[in-house]
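The structure appears below as structure tokens.
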Amino acid sequence: MNTRRILVVAAAVMSVTACTTTRQVADTSFTPPQGDYRLIVMQPDISVGLLTAGGVVEQREDWTDQATANVLQSLRAMHAARGGNAMIAATREESGWDVAEVTDLVRLHEAVGASITLHKYLGLALPTKKNRFDWTLGEQAVEFGRATRFDYALFLHAQDSFSSAGRVALQVAGFLSCAVGVCVMATGGQQSAFASLVDLKTGQVVWFNTLASSVGDIRTAEGADKLVKALLGDMKPGAPVGKPAG
Amino acid sequence: MTTIKAFARVLTCFTLAACVPTYTLVSPGRVAVSKGAMVVEPKSAWNRVPNGPQTIPRQENWTHNGPLLESITFIGGLVPGEAIAKQKAKDDRQVPPFRADMTPQDLVSMIESYYRIRVGAAVYETTDVRPVVFLGQPAVQVDFSYVVADEVKRLGRSKLAIIDGKLFAMSLDGTALHYFADALPEFEEIVASAARR
Amino acid sequence: MAGFLRRRDVLTQGLCGCGLVVAGWPASARVNPMSLAPLVHPGYVPADADERGLWQQCEEFEYELASSNLLLQDPTVQSYVHAITNRLLGERDFGIRTYVVRDAEFNASMFPNGMMLVHTGLLARMRNEAQLAAVLGHECGHYLRRHSLERHRDLKRKSAAAAIVGLAAAGATGATGSNWFDLANSINTMLVLSVYTFSRGQESEADAYGLKLLAECGYMPGAAAAVWAQIIAERKASAVARKKRYRDHSASEYSTHPPSQERMEDLAASADDIASRVHDSREFEDRRAEWLALAAPIRFSLLEEQIKLNDPGASLYLLESLAVDGWTGTLRFFEGEAYRLRGGVDDVARATAAYLAAVAFTDAPPEAWRAHGYAQIQSGHADDGRRALAHYLELKPDAVDAAMVRFTLVQ
């Protein structure tokens with residue numbers, strides 16, 4: 001099981017209408033970053049593919065490269081507008097810290113992200129976390145922040161696909177295959193994304209958002225702007241309730 | 001001793017809407033575990049992991065943050081011939097069944113086989129084996145580290161005692177970064193609070 | 001080394017230069033190894049959109065793999081495997097990268113971009129360098145003939161979804177199925193399918209290509225059929241031990257499936273044909289000494305990965321097949337371990353005897369003394385047992401279980 005696969009399932013569960021849906025969860029004490037903050041985007045993972053008649057997404061290099069450039073550009077512009085400074089570490093080597101330690105941190109985040117998705121989005125609620133959102137990356141994240149002087153780390157996955165003809169008949173098969181552990185979403189052109197914000201002063205995952213959308217095209221600057229705005233533009237402070245905000 | 005694979009099955013269950021497994025609350029205070037074989041007294045609240053098709057009846061799992069991050073396993077009163085994993089006679093790979101005359105070496109390799117076979121640990125290392133007291137009896141404590149497909153380094157500690165010919169065990173499993181170390185003191189408290197019924 | 005290279009040059013001349021195989025190859029459906037030419041060239045870069053996308057995903061996977069915690073942390077072994085691959089491919093540098101990953105399953109796989117994964121479970125079963133080269137050559141054949149791309153396009157045309165559902169269902173029933181494979185799977189299921197479901201025709205072609213590379217390099221062509229014969233025999237032994245019928249698919253879904261009887265016969269026949277066309281067949285080598293020297297330091301961990309899976313039929317077969325070249329303290333120790341884990345009626349006695357045999361070897365691993373000690377104590381020879389445990393602590397004072405063993409000693 002891995003984060004990306006779980007998220008595709010999460011997105012599938014969320015997307016029932018032809019529109020853009022997001023669902024946020026946040027720490028109760030969370031306030032969105034403002035002012036002069038330094039944020040690092042950790043190894044963003046953005047891909048765009050062609051949904052083939054065979055029922056699988058075939059990644060397209062040119063689309064992926066274009067979308068990656070667009071999304072990261074939108075992200076930089078958004079944080080600059082808030083007074084902050086976003087640094088993109090395309091690879092773990094660019095993070096400015098010991099690569100092996102960053103790698104361990106990124107992998108821990110995968111497990112934490114998967115846990116958040118399972119227990120906050122997919123119905124496997126943990127009774128002790130009913131009114132809480134308190135997952136952490138621990139001391140290693142704090143050390144990373146101390147060494148690199150970043151205030152926040154943002155983890156971002158986004159994928160988009162465009163369908164070829166003859167997809168509808170395979171929808172059921174696609175969903176079933178998800179259920180047995182390998183995901184093939186056959187719902188037509190589909191965006192799914194998630195973002196996770198870690199406060200490097202405490203190591204806490206303070207804010208988490210998932211997005212599912214059947215409109216838009218992140219291969220265009222406009223579509224990428226829309227995705228970034230929908231996913232990250234409206235960070236809500238934490239709400240002390242059981243239900244996720246948004 | 002939950003596995004990522006087992007977790008996928010839980011998810012399968014969910015998406016097929018055939019059954020919705022539910023985590024239940026374990027409140028602080030005295031509580032019976034493993035079908036009443038042992039009683040423990042946790043100081044904080046835990047979440048009881050729903051038993052899946054891979055869980056043996058004498059097993060119970062708890063977690064704070066989710067089984068991918070940390071879990072405590074209780075096995076109480078396993079009789080000779082039973083294994084710590086559910087398996088069929090025709091499975092190529094089998095976790096050695098429990099025997100009442102198992103040496104410390106046998107218990108250590110039983111844990112290793114469990115992780116290699118059932119958890120999918122391609123990398124597994126026993127890091128410490130020492131005598132301890134558990135349930136008021138001489139017992140073996142095994143520390144280990146392992147890695148499965150998600151590449152996250154994990155640690156584990158198992159306490160195993162053979163009492164009246166039956167196996168009693170408590171185990172902590174968690175990520176090497178943060179979650180194992182975070183849960184360890186409370187695990188030790190729960191172990192210290194444990195009594196047979 | 002120099003002699004070896006020269007011999008390869010001679011053989012290359014002999015086989016390709018003279019065109020002796022192209023003429024007079026038996027008329028049958030069998031693929032003529034010498035008729036195969038690479039479909040990629042050194043420095044090959046894909047041009048088509050689907051192949052470029054596939055390569056991009058492979059690169060993503062390779063980036064993760066390069067820092068994987070599952071990589072065998074042994075530069076000597078990593079570079080040895082890489083060197084054999086290069087040797088097979090001769091002067092032309094196709095840019096194939098090899099990664100030895102820790103996985104007890106017998107397997108090697110080639111990705112569309114020339115990245116090759118070699119499992120430690122494969123190394124555990126090799127008896128000489130020629131056998132290893134045979135498997136690597138087969139995988140190189142898949143790359144040079146661009147099989148995974150062909151397969152990818154083929155799958156795309158068909159209903160891949162059905163195939164994926166089948167694959168996933170099969171995987172879900174396996175006991176393990178949680179390995180590096182999941183990582184590749186998470187990046188692209190289609191990619192995994194393309195690498196794992198080669199057609200029969202493609203497999204035959206890779207067999208033939210592998211033989212060609214093997215022979216050109218001066219390795220015994222018979223090594224390829226020998227590897228498969230061993231694997232089939234091991235799986236049969238595994239099935240017998242669990243009292244069930246042998247089927248190809250009784251092995252884990254992600255394990256390489258042995259070739260059909262037909263492919264086996266073709267392999268053996270082609271190997272004979274190649275051998276008969278070389279004047280002095282003694283020129284072919286198996287390079288067993290080189291392999292044994294390389295494998296010696298990792299033999300213990302290779303066997304441990306397999307034995308701890310408690311698949312006694314497979315494990316005991318493997319030990320016996322390695323012991324054809326002579327029993328060692330390590331092999332006897334693991335024989336005892338296999339019996340101990342199996343835990344059958346007479347297995348305590350068998351394990352006890354095997355440990356006793358193990359410690360008689362000067363190369364017995366310290367763990368053999370520990371196992372021997374516990375076995376002696378359990379069979380009522382407490383003094384012998386204590387002496388053996390004490391010897392274990394002398395050999396390995398910093399053993400992770402030293403405290404436990406000391407405790408046993410004072411009881």
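How things are named: the first chain in the structure tokens is A, the next is B, and so on; residues count from 1 in each chain; ligands count from 1 in the order shown.
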Shell around Gly113 of chain A at 12 Å using only C-alpha atoms, local window under 4 positions removed, as a PyMOL selection string: (chain A and resi 1-7+10+25+105-109+117-121+135-137+154-157+194-198+205-210) or (chain B and resi 65-66+68-69)
Take the residues from that selection and write them out as a CSV table (one decimal), in the first residue's frame, keeping N, CA and C atoms.
chain,number,residue,atom,x,y,z
A,1,MET,N,0.9,-1.2,0.0
A,1,MET,CA,0.0,0.0,0.0
A,1,MET,C,0.9,1.2,0.0
A,2,ASN,N,0.6,2.2,-0.8
A,2,ASN,CA,1.4,3.4,-0.7
A,2,ASN,C,0.5,4.6,-0.9
A,3,THR,N,1.0,5.7,-0.5
A,3,THR,CA,0.2,6.9,-0.4
A,3,THR,C,-0.5,7.3,-1.7
A,4,ARG,N,0.3,7.2,-2.8
A,4,ARG,CA,-0.3,7.6,-4.0
A,4,ARG,C,-1.5,6.7,-4.4
A,5,ARG,N,-1.4,5.4,-4.1
A,5,ARG,CA,-2.5,4.5,-4.5
A,5,ARG,C,-3.7,4.8,-3.6
A,6,ILE,N,-3.4,5.0,-2.3
A,6,ILE,CA,-4.5,5.2,-1.4
A,6,ILE,C,-5.2,6.5,-1.8
A,7,LEU,N,-4.4,7.5,-2.2
A,7,LEU,CA,-5.1,8.8,-2.6
A,7,LEU,C,-5.9,8.7,-3.8
A,10,ALA,N,-9.0,7.6,-2.5
A,10,ALA,CA,-9.7,8.6,-1.7
A,10,ALA,C,-10.4,9.6,-2.7
A,25,VAL,N,-8.1,18.8,6.4
A,25,VAL,CA,-8.1,18.6,7.8
A,25,VAL,C,-6.9,19.4,8.3
A,105,LEU,N,13.1,10.8,5.9
A,105,LEU,CA,12.0,11.7,6.3
A,105,LEU,C,10.9,11.7,5.2
A,106,VAL,N,11.3,11.7,4.0
A,106,VAL,CA,10.3,11.7,2.9
A,106,VAL,C,9.5,10.3,3.0
A,107,ARG,N,10.2,9.3,3.3
A,107,ARG,CA,9.6,8.0,3.3
A,107,ARG,C,8.6,7.9,4.6
A,108,LEU,N,9.1,8.5,5.7
A,108,LEU,CA,8.2,8.5,6.8
A,108,LEU,C,6.9,9.3,6.5
A,109,HIS,N,7.1,10.4,5.8
A,109,HIS,CA,5.9,11.2,5.4
A,109,HIS,C,5.0,10.4,4.5
A,117,THR,N,-4.8,9.6,5.3
A,117,THR,CA,-5.8,9.3,4.3
A,117,THR,C,-6.7,8.1,4.8
A,118,LEU,N,-6.1,7.1,5.3
A,118,LEU,CA,-6.9,5.9,5.7
A,118,LEU,C,-7.8,6.3,6.9
A,119,HIS,N,-7.2,7.0,7.9
A,119,HIS,CA,-8.0,7.3,9.1
A,119,HIS,C,-8.8,8.5,9.1
A,120,LYS,N,-8.5,9.5,8.2
A,120,LYS,CA,-9.3,10.7,8.2
A,120,LYS,C,-10.3,10.8,7.0
A,121,TYR,N,-9.9,10.0,5.9
A,121,TYR,CA,-10.7,10.1,4.7
A,121,TYR,C,-11.5,8.9,4.3
A,135,TRP,N,-0.8,14.2,13.8
A,135,TRP,CA,0.3,13.3,13.3
A,135,TRP,C,1.5,14.2,13.2
A,136,THR,N,2.7,13.5,13.3
A,136,THR,CA,3.9,14.3,13.3
A,136,THR,C,5.0,13.5,12.5
A,137,LEU,N,6.0,14.3,12.1
A,137,LEU,CA,7.2,13.6,11.5
A,137,LEU,C,8.3,13.6,12.5
A,154,LEU,N,6.4,21.5,2.5
A,154,LEU,CA,5.2,21.1,1.8
A,154,LEU,C,5.4,19.9,0.9
A,155,PHE,N,4.6,18.9,1.1
A,155,PHE,CA,4.6,17.7,0.2
A,155,PHE,C,3.5,17.8,-0.7
A,156,LEU,N,3.7,17.5,-2.0
A,156,LEU,CA,2.7,17.7,-3.0
A,156,LEU,C,2.7,16.6,-4.0
A,157,HIS,N,1.6,15.9,-4.2
A,157,HIS,CA,1.4,15.0,-5.3
A,157,HIS,C,0.3,15.4,-6.1
A,194,PHE,N,-2.9,15.7,-3.6
A,194,PHE,CA,-2.9,16.0,-2.2
A,194,PHE,C,-1.7,16.8,-1.8
A,195,ALA,N,-1.9,17.6,-0.7
A,195,ALA,CA,-0.8,18.4,-0.2
A,195,ALA,C,-0.8,18.2,1.3
A,196,SER,N,0.4,18.3,1.8
A,196,SER,CA,0.5,18.1,3.3
A,196,SER,C,1.6,19.1,3.8
A,197,LEU,N,1.2,19.9,4.8
A,197,LEU,CA,2.1,20.9,5.3
A,197,LEU,C,2.7,20.6,6.6
A,198,VAL,N,4.0,20.6,6.7
A,198,VAL,CA,4.6,20.2,8.0
A,198,VAL,C,5.3,21.5,8.6
A,205,VAL,N,2.4,17.6,11.3
A,205,VAL,CA,1.7,17.8,10.1
A,205,VAL,C,0.5,18.7,10.5
A,206,VAL,N,0.5,19.9,10.1
A,206,VAL,CA,-0.5,20.9,10.6
A,206,VAL,C,-1.7,21.0,9.7
A,207,TRP,N,-1.5,20.6,8.4
A,207,TRP,CA,-2.6,20.8,7.5
A,207,TRP,C,-2.5,19.8,6.4
A,208,PHE,N,-3.6,19.3,5.9
A,208,PHE,CA,-3.6,18.3,4.9
A,208,PHE,C,-4.8,18.5,4.0
A,209,ASN,N,-4.6,18.3,2.7
A,209,ASN,CA,-5.8,18.6,1.8
A,209,ASN,C,-5.7,17.6,0.7
A,210,THR,N,-6.9,17.1,0.2
A,210,THR,CA,-6.9,16.3,-1.0
A,210,THR,C,-7.9,16.9,-2.0
B,65,ASN,N,-1.6,5.9,16.2
B,65,ASN,CA,-1.6,6.8,15.0
B,65,ASN,C,-1.9,6.0,13.8
B,66,GLY,N,-2.2,4.7,13.9
B,66,GLY,CA,-2.4,3.9,12.7
B,66,GLY,C,-1.4,2.8,12.6
B,68,LEU,N,0.3,1.6,10.3
B,68,LEU,CA,1.5,1.8,9.4
B,68,LEU,C,2.6,2.5,10.2
B,69,LEU,N,2.2,3.2,11.3
B,69,LEU,CA,3.1,3.9,12.1
B,69,LEU,C,3.6,3.2,13.4
For segment 20-28 of chain B, work out the shell of residues within 12 Å, counting only C-alpha atoms and skipping chain neighbours fewer than 4 positions away, then give it as a short mmCIF file (atom, residue, chain, number, x, y, z; two decimals) with C-alpha atoms, in the first residue's frame.
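See out_38.cif below for the written result:
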data_model
loop_
_atom_site.label_atom_id
_atom_site.label_comp_id
_atom_site.auth_asym_id
_atom_site.auth_seq_id
_atom_site.Cartn_x
_atom_site.Cartn_y
_atom_site.Cartn_z
CA LEU A 118 -6.89 5.94 5.74
CA HIS A 119 -7.98 7.25 9.09
CA LEU A 122 -11.48 6.52 4.11
CA GLY A 123 -13.69 5.81 7.05
CA LEU A 124 -11.26 3.83 9.20
CA ALA A 125 -11.61 6.43 11.93
CA LEU A 126 -9.41 6.19 15.01
CA PRO A 127 -11.56 6.87 18.09
CA THR A 128 -8.70 8.59 19.94
CA LYS A 129 -8.32 11.06 17.08
CA LYS A 130 -11.98 11.90 16.74
CA PHE B 7 -4.02 -3.31 5.69
CA ARG B 9 -7.22 -6.12 2.73
CA VAL B 10 -8.92 -3.96 5.28
CA LEU B 11 -9.15 -1.31 2.61
CA THR B 12 -10.50 -3.84 0.14
CA CYS B 13 -13.19 -4.68 2.58
CA PHE B 14 -14.07 -1.06 2.85
CA THR B 15 -14.21 -0.22 -0.83
CA LEU B 16 -16.36 -3.21 -1.59
CA ALA B 32 -8.58 -7.67 29.29
CA VAL B 33 -6.78 -8.50 26.03
CA VAL B 40 -3.18 -4.83 31.16
CA GLU B 41 -3.52 -1.28 32.39
CA PRO B 42 -2.68 1.37 29.76
CA LYS B 43 -2.28 4.97 30.95
CA SER B 44 -3.52 6.52 27.71
CA ALA B 45 -6.34 5.72 25.33
CA TRP B 46 -5.61 3.40 22.40
CA ASN B 47 -7.43 2.25 19.27
CA ARG B 48 -8.13 -1.46 18.94
CA VAL B 49 -7.39 -2.57 15.35
CA PRO B 50 -10.25 -4.57 13.82
CA ASN B 51 -9.31 -8.19 13.35
CA GLY B 52 -8.85 -9.15 9.73
CA PRO B 53 -8.82 -12.54 8.01
CA GLU B 60 -5.19 -8.31 19.56
CA ASN B 61 -3.62 -5.17 18.10
CA TRP B 62 -3.67 -1.61 19.35
CA THR B 63 -2.47 1.60 17.75
CA HIS B 64 -2.26 5.32 18.48
CA ASN B 65 -1.58 6.78 15.04
CA GLY B 66 -2.40 3.92 12.68
CA PRO B 67 -0.83 0.50 12.15
CA GLU B 186 4.19 3.31 27.31
CA ILE B 190 1.77 -1.82 29.64
#
Could you find all residues in segment 40-135 of chain A that DSSP calls strand (DSSP E or B) from the backbone, and write them as a tab-separated table (two decimals) with C-alpha atoms, in the first residue's frame?
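Saved as part_3.tsv:
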chain	number	residue	atom	x	y	z
A	40	ILE	CA	10.44	24.10	0.99
A	41	VAL	CA	8.45	22.00	-1.44
A	42	MET	CA	9.83	18.49	-1.03
A	43	GLN	CA	10.32	16.51	-4.21
A	44	PRO	CA	6.98	17.45	-5.77
A	45	ASP	CA	5.50	14.63	-7.78
A	46	ILE	CA	3.34	15.72	-10.67
A	47	SER	CA	2.42	13.51	-13.57
A	48	VAL	CA	0.06	13.63	-16.50
A	49	GLY	CA	-0.94	10.69	-18.60
A	50	LEU	CA	-3.23	9.39	-21.22
A	51	LEU	CA	-6.02	7.15	-20.04
A	57	VAL	CA	-2.84	5.69	-17.45
A	58	GLU	CA	0.08	5.97	-19.80
A	59	GLN	CA	2.37	8.70	-18.61
A	85	ASN	CA	9.45	32.42	0.00
A	86	ALA	CA	8.98	29.00	-1.57
A	87	MET	CA	11.99	26.93	-2.53
A	88	ILE	CA	11.37	23.91	-4.73
A	89	ALA	CA	13.58	20.88	-4.13
Between atom CA of Glu129 of chain C and atom CA of Met110 of chain C, what is the distance, to one decimal in Å? 19.2 Å
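Using only C-alpha atoms for every distance, the candidate list B:Leu184, B:Val140, B:Leu155, B:Ile72 yields B:Val140 as the residue closest to chain C.
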